[in-house]
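Here is the structure we will look at, set down as structure tokens.
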Amino acid sequence: MARFLTRRYVAVTWSEATRLAALDGTPWSEIRRAEEVQLLHREEWWAWWSDGQVTTAISLPSSLCPQSLTTDAVALISEVWESDTRVPQCGWATLTRVDLVLSRERLPQPQNTSGFAWSALERLTVRFTDNLEGVLHCWYRGYDGGFECQVERII
């Protein structure tokens, strides 16, 4: 399968990509194309692909709806995707490998919130799909126009 990305949409055929490009003003020369990728998981707003990319799911055909990720992986990816954070510090691949969140502990409020309206830190102990355990730190920062959710892996 091929994947085509315009400024706002994703398509799996060139004809659909050109139609969507006309809607969002993407010049044809700027449509990004990936050959031989597979859609591995899709939620309402985002999709995960075999080349490790997480993209918008807006405009994907409803018939394409694989569900290969765990509930906890989907929840973590959705938290980051719905925030103003572009890519989690730990990378999307780390989040897609989360099998189960074993514990979630809210850590004390940081002293310096860097001018954000609020800031919180959670320590997540997770089990990955390879049965290894790890620790993730999830930062939540709010400001006038929205919020950020950043995830980093602690070794």
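Residue numbering restarts at 1 for every chain of the structure tokens, chains are lettered A, B, ... in their displayed order, and ligands are numbered from 1 as they appear.
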
What's the 9 Å shell around stretch 12-25 of chain A, counting only C-alpha atoms, without same-chain residues fewer than 2 positions away, as a PDB file with C-alpha atoms, in the first residue's frame?
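Wrote it out as out02.pdb, contents follow:
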```
ATOM      1  CA  MET A   1       0.000   0.000   0.000  1.00  0.00           C
ATOM      2  CA  ALA A   2       1.147   3.548  -0.616  1.00  0.00           C
ATOM      3  CA  ARG A   3       0.563   6.517   1.694  1.00  0.00           C
ATOM      4  CA  PHE A   4       0.173  10.120   0.537  1.00  0.00           C
ATOM      5  CA  LEU A   5       0.273  13.056   2.945  1.00  0.00           C
ATOM      6  CA  THR A   6      -0.993  16.526   2.180  1.00  0.00           C
ATOM      7  CA  ARG A   7      -0.792  19.403   4.654  1.00  0.00           C
ATOM      8  CA  ARG A   8      -3.849  18.147   6.556  1.00  0.00           C
ATOM      9  CA  TYR A   9      -4.893  14.782   5.170  1.00  0.00           C
ATOM     10  CA  VAL A  10      -3.710  11.253   4.445  1.00  0.00           C
ATOM     11  CA  PRO A  27       0.739  21.817  -4.290  1.00  0.00           C
ATOM     12  CA  TRP A  28       1.042  18.417  -5.967  1.00  0.00           C
ATOM     13  CA  ILE A  31       2.442  15.739  -1.468  1.00  0.00           C
ATOM     14  CA  ARG A  33       4.550   9.754  -0.751  1.00  0.00           C
ATOM     15  CA  SER A  59      -9.723  11.046   5.320  1.00  0.00           C
ATOM     16  CA  LEU A  60      -8.616   7.401   5.495  1.00  0.00           C
ATOM     17  CA  PRO A  61     -11.316   5.078   4.169  1.00  0.00           C
TER      18      PRO A  61
END
```

Discussion item. Could you list, as an MDAnalysis selection string, every residue within 12 Å of A:Val135, counting only C-alpha atoms and ignoring same-chain residues fewer than 5 positions away?
Written reply: chainID A and resid 90 94:95 98 100:105 122:128 151:155

Grab the residues selected above and save them as a compact mmCIF listing (two decimals), in the first residue's frame with N, CA and C atoms.
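Generated output (again30.txt):
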```txt
# COMPACT_ATOMS: atom_id res chain seq x y z
N CYS A 90 10.54 10.16 23.69
CA CYS A 90 10.90 8.74 23.65
C CYS A 90 10.68 8.12 22.27
N THR A 94 8.45 3.62 20.91
CA THR A 94 8.42 3.22 22.32
C THR A 94 6.97 3.13 22.80
N LEU A 95 6.17 4.11 22.44
CA LEU A 95 4.77 4.10 22.89
C LEU A 95 3.98 2.97 22.25
N VAL A 98 4.16 -0.38 24.22
CA VAL A 98 3.61 -0.51 25.57
C VAL A 98 2.49 -1.56 25.56
N LEU A 100 1.23 -2.76 28.81
CA LEU A 100 0.38 -2.49 29.96
C LEU A 100 1.05 -1.45 30.86
N VAL A 101 0.27 -0.49 31.33
CA VAL A 101 0.76 0.44 32.35
C VAL A 101 0.51 -0.25 33.69
N LEU A 102 1.61 -0.60 34.37
CA LEU A 102 1.52 -1.34 35.63
C LEU A 102 1.20 -0.41 36.79
N SER A 103 1.76 0.80 36.77
CA SER A 103 1.45 1.78 37.82
C SER A 103 1.65 3.18 37.28
N ARG A 104 0.91 4.11 37.87
CA ARG A 104 0.97 5.52 37.48
C ARG A 104 1.03 6.33 38.77
N GLU A 105 2.13 7.06 38.96
CA GLU A 105 2.34 7.81 40.19
C GLU A 105 2.57 9.28 39.86
N GLU A 122 4.15 12.67 35.83
CA GLU A 122 3.74 11.35 36.27
C GLU A 122 4.84 10.35 35.93
N ARG A 123 5.03 9.38 36.82
CA ARG A 123 5.97 8.29 36.60
C ARG A 123 5.15 7.04 36.30
N LEU A 124 5.33 6.50 35.10
CA LEU A 124 4.60 5.31 34.70
C LEU A 124 5.56 4.13 34.65
N THR A 125 5.22 3.07 35.33
CA THR A 125 5.94 1.81 35.19
C THR A 125 5.14 0.99 34.19
N VAL A 126 5.80 0.57 33.12
CA VAL A 126 5.10 -0.12 32.03
C VAL A 126 5.76 -1.47 31.73
N ARG A 127 4.95 -2.36 31.18
CA ARG A 127 5.48 -3.60 30.61
C ARG A 127 5.35 -3.45 29.10
N PHE A 128 6.44 -3.72 28.40
CA PHE A 128 6.44 -3.63 26.95
C PHE A 128 6.01 -4.97 26.34
N VAL A 151 6.54 12.70 26.68
CA VAL A 151 6.87 11.43 27.32
C VAL A 151 8.34 11.12 27.05
N GLU A 152 9.05 10.79 28.12
CA GLU A 152 10.44 10.38 27.97
C GLU A 152 10.63 9.04 28.68
N ARG A 153 11.54 8.24 28.13
CA ARG A 153 11.84 6.95 28.74
C ARG A 153 13.00 7.12 29.69
N ILE A 154 12.84 6.58 30.90
CA ILE A 154 13.88 6.63 31.91
C ILE A 154 14.54 5.26 31.94
N ILE A 155 15.84 5.24 31.80
CA ILE A 155 16.54 3.95 31.73
C ILE A 155 16.84 3.43 33.10
```

Worksheet item: Can you list, as a list of chain:residue names, every protein, DNA or RNA residue that comes within 12 Å of A:Val54 when you count only C-alpha atoms, leaving out same-chain residues fewer than 6 positions away?
Response: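 Surrounding residues, per the criterion: A:Arg3, A:Leu5, A:Val10, A:Gln38, A:Leu39, A:Leu40, A:His41, A:Arg42, A:Glu43, A:Trp45, A:Trp46, A:Ala47, A:Trp48, A:Val74, A:Ile77, A:Ser78, A:Val80, A:Trp81, A:Arg86, A:Val87, A:Pro88, A:Gly91, A:Trp92, A:Ala93, A:Leu95, A:Thr96.
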
Expected file contents, prior selection, C-alpha atoms, as a PDB file, in the first residue's frame:
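Contents of the output file again_22.pdb:
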```pdb
ATOM      1  CA  ARG A   3       0.563   6.517   1.694  1.00  0.00           C
ATOM      2  CA  LEU A   5       0.273  13.056   2.945  1.00  0.00           C
ATOM      3  CA  VAL A  10      -3.710  11.253   4.445  1.00  0.00           C
ATOM      4  CA  GLN A  38       1.162  -0.949   5.841  1.00  0.00           C
ATOM      5  CA  LEU A  39      -1.419   0.621   8.099  1.00  0.00           C
ATOM      6  CA  LEU A  40      -0.932  -1.148  11.451  1.00  0.00           C
ATOM      7  CA  HIS A  41      -3.367   0.676  13.706  1.00  0.00           C
ATOM      8  CA  ARG A  42      -5.993   3.359  13.299  1.00  0.00           C
ATOM      9  CA  GLU A  43      -7.913   5.473  15.758  1.00  0.00           C
ATOM     10  CA  TRP A  45      -7.653  10.994  14.771  1.00  0.00           C
ATOM     11  CA  TRP A  46      -4.346   9.191  14.164  1.00  0.00           C
ATOM     12  CA  ALA A  47      -2.855   6.180  12.388  1.00  0.00           C
ATOM     13  CA  TRP A  48       0.322   4.138  12.925  1.00  0.00           C
ATOM     14  CA  VAL A  74      -3.441   3.741  22.352  1.00  0.00           C
ATOM     15  CA  ILE A  77      -0.274   7.878  21.966  1.00  0.00           C
ATOM     16  CA  SER A  78      -3.632   9.676  22.059  1.00  0.00           C
ATOM     17  CA  VAL A  80       0.510  13.022  23.063  1.00  0.00           C
ATOM     18  CA  TRP A  81      -1.306  13.292  19.702  1.00  0.00           C
ATOM     19  CA  ARG A  86       4.689  17.040  17.742  1.00  0.00           C
ATOM     20  CA  VAL A  87       6.654  13.906  18.652  1.00  0.00           C
ATOM     21  CA  PRO A  88       7.272  12.367  22.079  1.00  0.00           C
ATOM     22  CA  GLY A  91       9.669   8.317  20.051  1.00  0.00           C
ATOM     23  CA  TRP A  92       6.439   6.846  18.756  1.00  0.00           C
ATOM     24  CA  ALA A  93       7.971   3.350  18.539  1.00  0.00           C
ATOM     25  CA  LEU A  95       4.770   4.097  22.894  1.00  0.00           C
ATOM     26  CA  THR A  96       3.561   1.541  20.330  1.00  0.00           C
TER      27      THR A  96
END
```

Worksheet entry | All residues 9 Å or closer to A:Glu44, only C-alpha atoms, same chain fewer than 4 positions away omitted, as a PyMOL selection string | chain A and resi 56-58

Worksheet item: Would you give me, as a ChimeraX atom specification, the residues in stretch 73-145 of chain A that DSSP reads as strand (DSSP E)?
Response: /A:98-107,118-128,133-143

Go ahead and dump the residues you just picked, C-alpha atoms, as a PDB file, in the first residue's frame.
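See selection04.pdb below for the written result:
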```pdb
ATOM      1  CA  VAL A  98       3.605  -0.506  25.571  1.00  0.00           C
ATOM      2  CA  ASP A  99       1.655  -3.601  26.560  1.00  0.00           C
ATOM      3  CA  LEU A 100       0.383  -2.489  29.960  1.00  0.00           C
ATOM      4  CA  VAL A 101       0.755   0.440  32.345  1.00  0.00           C
ATOM      5  CA  LEU A 102       1.524  -1.335  35.629  1.00  0.00           C
ATOM      6  CA  SER A 103       1.451   1.780  37.824  1.00  0.00           C
ATOM      7  CA  ARG A 104       0.972   5.520  37.484  1.00  0.00           C
ATOM      8  CA  GLU A 105       2.345   7.813  40.187  1.00  0.00           C
ATOM      9  CA  ARG A 106       1.974  11.580  40.260  1.00  0.00           C
ATOM     10  CA  LEU A 107       5.251  13.180  41.304  1.00  0.00           C
ATOM     11  CA  TRP A 118       0.362  24.454  35.165  1.00  0.00           C
ATOM     12  CA  SER A 119       2.782  21.594  35.051  1.00  0.00           C
ATOM     13  CA  ALA A 120       2.560  18.009  36.257  1.00  0.00           C
ATOM     14  CA  LEU A 121       4.811  14.974  36.107  1.00  0.00           C
ATOM     15  CA  GLU A 122       3.744  11.345  36.275  1.00  0.00           C
ATOM     16  CA  ARG A 123       5.974   8.287  36.601  1.00  0.00           C
ATOM     17  CA  LEU A 124       4.604   5.311  34.701  1.00  0.00           C
ATOM     18  CA  THR A 125       5.942   1.808  35.192  1.00  0.00           C
ATOM     19  CA  VAL A 126       5.096  -0.119  32.029  1.00  0.00           C
ATOM     20  CA  ARG A 127       5.477  -3.598  30.610  1.00  0.00           C
ATOM     21  CA  PHE A 128       6.442  -3.634  26.951  1.00  0.00           C
ATOM     22  CA  GLU A 133       9.539  -3.462  32.116  1.00  0.00           C
ATOM     23  CA  GLY A 134      10.468   0.198  31.892  1.00  0.00           C
ATOM     24  CA  VAL A 135       9.724   3.624  33.305  1.00  0.00           C
ATOM     25  CA  LEU A 136       8.229   6.543  31.413  1.00  0.00           C
ATOM     26  CA  HIS A 137       7.929  10.120  32.659  1.00  0.00           C
ATOM     27  CA  CYS A 138       4.916  12.011  31.333  1.00  0.00           C
ATOM     28  CA  TRP A 139       5.040  15.806  31.561  1.00  0.00           C
ATOM     29  CA  TYR A 140       1.836  17.789  31.214  1.00  0.00           C
ATOM     30  CA  ARG A 141       2.161  21.544  30.717  1.00  0.00           C
ATOM     31  CA  GLY A 142      -0.675  23.929  30.144  1.00  0.00           C
ATOM     32  CA  TYR A 143      -0.708  27.414  28.699  1.00  0.00           C
TER      33      TYR A 143
END
```
